[in-house]
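In what follows, a structure is listed as structure tokens, so that the remarks can point back to it.
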Amino acid sequence: MTETARFIFRGQMVCDSFIEFAQHRARRLDLAIELESCDALSATLAVKGQGDLVDAFEMACSLGPYDCIILDIERSTL
């Protein structure tokens with residue numbers, strides 16, 4: 001089943017690094033990804049694909065790239 005979810009990742013962001021990380025994970029999981037916004041404190045993006053893989057994307061991005069610290073994730077269904 002296809003699912004679309006919006007994520008807001010909050011913490012200490014290095015946008016270029018986090019965006020590259022998220023796009024790479026989305027490609028590996030065969031998910032469509034759309035960046036909505038990113039700044040030093042948060043990144044908002046939407047992903048679409050198989051539900052289990054959307055869950056895996058959330059877990060992977062919660063660990064973030066080495067130079068970002070993810071403190072909180074807000075998830076909503078689109």
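Lettering and numbering for the structure tokens are positional, with chains as A, B, ... in the shown order, residues counted from 1 in each chain, and ligands counted from 1 in the shown order.
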
In stretch 2-77 of chain A, DSSP strand (DSSP E) residues written as a ChimeraX atom specification: /A:2-12,32-38,42-50,69-77

Restricting it to N, CA and C atoms, dump the selection as a short mmCIF file (atom, residue, chain, number, x, y, z; two decimals), in the first residue's frame.
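Okay, result27.cif is ready:
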```
data_model
loop_
_atom_site.label_atom_id
_atom_site.label_comp_id
_atom_site.auth_asym_id
_atom_site.auth_seq_id
_atom_site.Cartn_x
_atom_site.Cartn_y
_atom_site.Cartn_z
N THR A 2 0.53 2.22 -0.81
CA THR A 2 1.30 3.46 -0.91
C THR A 2 0.87 4.43 0.19
N GLU A 3 1.85 5.07 0.78
CA GLU A 3 1.61 6.03 1.85
C GLU A 3 2.38 7.31 1.54
N THR A 4 1.78 8.43 1.90
CA THR A 4 2.47 9.72 1.79
C THR A 4 2.51 10.33 3.18
N ALA A 5 3.70 10.72 3.61
CA ALA A 5 3.88 11.29 4.95
C ALA A 5 4.73 12.55 4.88
N ARG A 6 4.41 13.49 5.74
CA ARG A 6 5.23 14.70 5.91
C ARG A 6 5.99 14.54 7.22
N PHE A 7 7.27 14.83 7.16
CA PHE A 7 8.12 14.77 8.34
C PHE A 7 8.71 16.14 8.62
N ILE A 8 8.72 16.48 9.89
CA ILE A 8 9.47 17.65 10.35
C ILE A 8 10.53 17.12 11.30
N PHE A 9 11.77 17.20 10.87
CA PHE A 9 12.91 16.80 11.69
C PHE A 9 13.44 18.04 12.37
N ARG A 10 13.53 18.00 13.70
CA ARG A 10 14.01 19.16 14.46
C ARG A 10 15.29 18.82 15.19
N GLY A 11 16.14 19.81 15.30
CA GLY A 11 17.41 19.64 16.00
C GLY A 11 18.42 20.64 15.51
N GLN A 12 19.63 20.19 15.34
CA GLN A 12 20.70 21.03 14.81
C GLN A 12 20.98 20.55 13.39
N ALA A 32 9.54 8.50 -3.34
CA ALA A 32 9.54 9.85 -3.91
C ALA A 32 9.73 10.81 -2.74
N ILE A 33 10.50 11.87 -2.94
CA ILE A 33 10.77 12.81 -1.85
C ILE A 33 10.61 14.24 -2.37
N GLU A 34 10.05 15.09 -1.53
CA GLU A 34 9.90 16.50 -1.85
C GLU A 34 10.32 17.33 -0.64
N LEU A 35 11.32 18.16 -0.83
CA LEU A 35 11.79 19.03 0.24
C LEU A 35 10.86 20.24 0.31
N GLU A 36 10.35 20.53 1.51
CA GLU A 36 9.49 21.70 1.68
C GLU A 36 10.26 22.88 2.25
N SER A 37 11.12 22.62 3.24
CA SER A 37 11.92 23.70 3.83
C SER A 37 13.05 23.11 4.66
N CYS A 38 14.07 23.94 4.89
CA CYS A 38 15.17 23.54 5.75
C CYS A 38 15.85 24.80 6.27
N SER A 42 15.37 22.99 11.67
CA SER A 42 14.43 21.96 11.23
C SER A 42 14.48 21.75 9.72
N ALA A 43 13.99 20.59 9.32
CA ALA A 43 13.83 20.26 7.91
C ALA A 43 12.45 19.62 7.75
N THR A 44 11.70 20.09 6.77
CA THR A 44 10.38 19.55 6.49
C THR A 44 10.39 18.96 5.09
N LEU A 45 9.93 17.71 5.01
CA LEU A 45 9.89 17.06 3.71
C LEU A 45 8.75 16.06 3.67
N ALA A 46 8.36 15.70 2.46
CA ALA A 46 7.31 14.71 2.26
C ALA A 46 7.88 13.55 1.46
N VAL A 47 7.47 12.35 1.82
CA VAL A 47 7.89 11.16 1.08
C VAL A 47 6.66 10.32 0.74
N LYS A 48 6.77 9.60 -0.37
CA LYS A 48 5.67 8.76 -0.83
C LYS A 48 6.23 7.44 -1.30
N GLY A 49 5.58 6.36 -0.85
CA GLY A 49 5.99 5.03 -1.24
C GLY A 49 5.36 3.98 -0.37
N GLN A 50 5.90 2.78 -0.43
CA GLN A 50 5.39 1.66 0.37
C GLN A 50 5.50 2.01 1.85
N ILE A 69 22.14 16.80 14.39
CA ILE A 69 21.62 16.14 15.58
C ILE A 69 20.10 16.25 15.54
N ILE A 70 19.44 15.11 15.39
CA ILE A 70 17.98 15.07 15.32
C ILE A 70 17.45 14.85 16.73
N LEU A 71 16.68 15.81 17.21
CA LEU A 71 16.14 15.74 18.57
C LEU A 71 14.67 15.33 18.61
N ASP A 72 13.95 15.60 17.52
CA ASP A 72 12.50 15.33 17.51
C ASP A 72 12.04 15.13 16.06
N ILE A 73 11.04 14.27 15.89
CA ILE A 73 10.44 14.06 14.57
C ILE A 73 8.94 14.16 14.72
N GLU A 74 8.34 14.98 13.88
CA GLU A 74 6.88 15.07 13.82
C GLU A 74 6.45 14.48 12.48
N ARG A 75 5.51 13.56 12.53
CA ARG A 75 5.05 12.87 11.31
C ARG A 75 3.56 13.08 11.16
N SER A 76 3.14 13.40 9.94
CA SER A 76 1.71 13.50 9.65
C SER A 76 1.44 12.84 8.30
N THR A 77 0.24 12.36 8.13
CA THR A 77 -0.16 11.69 6.89
C THR A 77 -0.76 12.73 5.96
#
```

Stretch 16-60 of chain A: residues DSSP assigns to helix (DSSP H, G or I), reported as a PyMOL selection string: chain A and resi 16-28+51-60

Residue selection dump (C-alpha atoms) as a PDB file, in the first residue's frame:
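Output file result_22.pdb is given in full below:
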```
ATOM      1  CA  ASP A  16      23.050  20.636   2.593  1.00  0.00           C
ATOM      2  CA  SER A  17      24.184  17.589   4.509  1.00  0.00           C
ATOM      3  CA  PHE A  18      20.736  16.579   5.778  1.00  0.00           C
ATOM      4  CA  ILE A  19      19.075  17.056   2.390  1.00  0.00           C
ATOM      5  CA  GLU A  20      21.700  14.960   0.618  1.00  0.00           C
ATOM      6  CA  PHE A  21      21.376  12.284   3.325  1.00  0.00           C
ATOM      7  CA  ALA A  22      17.548  12.211   3.074  1.00  0.00           C
ATOM      8  CA  GLN A  23      17.567  12.111  -0.739  1.00  0.00           C
ATOM      9  CA  HIS A  24      20.080   9.258  -0.727  1.00  0.00           C
ATOM     10  CA  ARG A  25      17.981   7.235   1.746  1.00  0.00           C
ATOM     11  CA  ALA A  26      14.809   7.919  -0.249  1.00  0.00           C
ATOM     12  CA  ARG A  27      16.471   6.672  -3.463  1.00  0.00           C
ATOM     13  CA  ARG A  28      17.707   3.520  -1.732  1.00  0.00           C
ATOM     14  CA  GLY A  51       4.350   2.120   4.008  1.00  0.00           C
ATOM     15  CA  ASP A  52       7.059  -0.074   5.526  1.00  0.00           C
ATOM     16  CA  LEU A  53       9.708   1.771   3.541  1.00  0.00           C
ATOM     17  CA  VAL A  54       8.364   5.140   4.700  1.00  0.00           C
ATOM     18  CA  ASP A  55       8.821   3.825   8.260  1.00  0.00           C
ATOM     19  CA  ALA A  56      12.376   2.747   7.413  1.00  0.00           C
ATOM     20  CA  PHE A  57      13.075   6.217   5.990  1.00  0.00           C
ATOM     21  CA  GLU A  58      11.952   7.822   9.251  1.00  0.00           C
ATOM     22  CA  MET A  59      14.259   5.555  11.243  1.00  0.00           C
ATOM     23  CA  ALA A  60      17.238   6.158   8.951  1.00  0.00           C
TER      24      ALA A  60
END
```
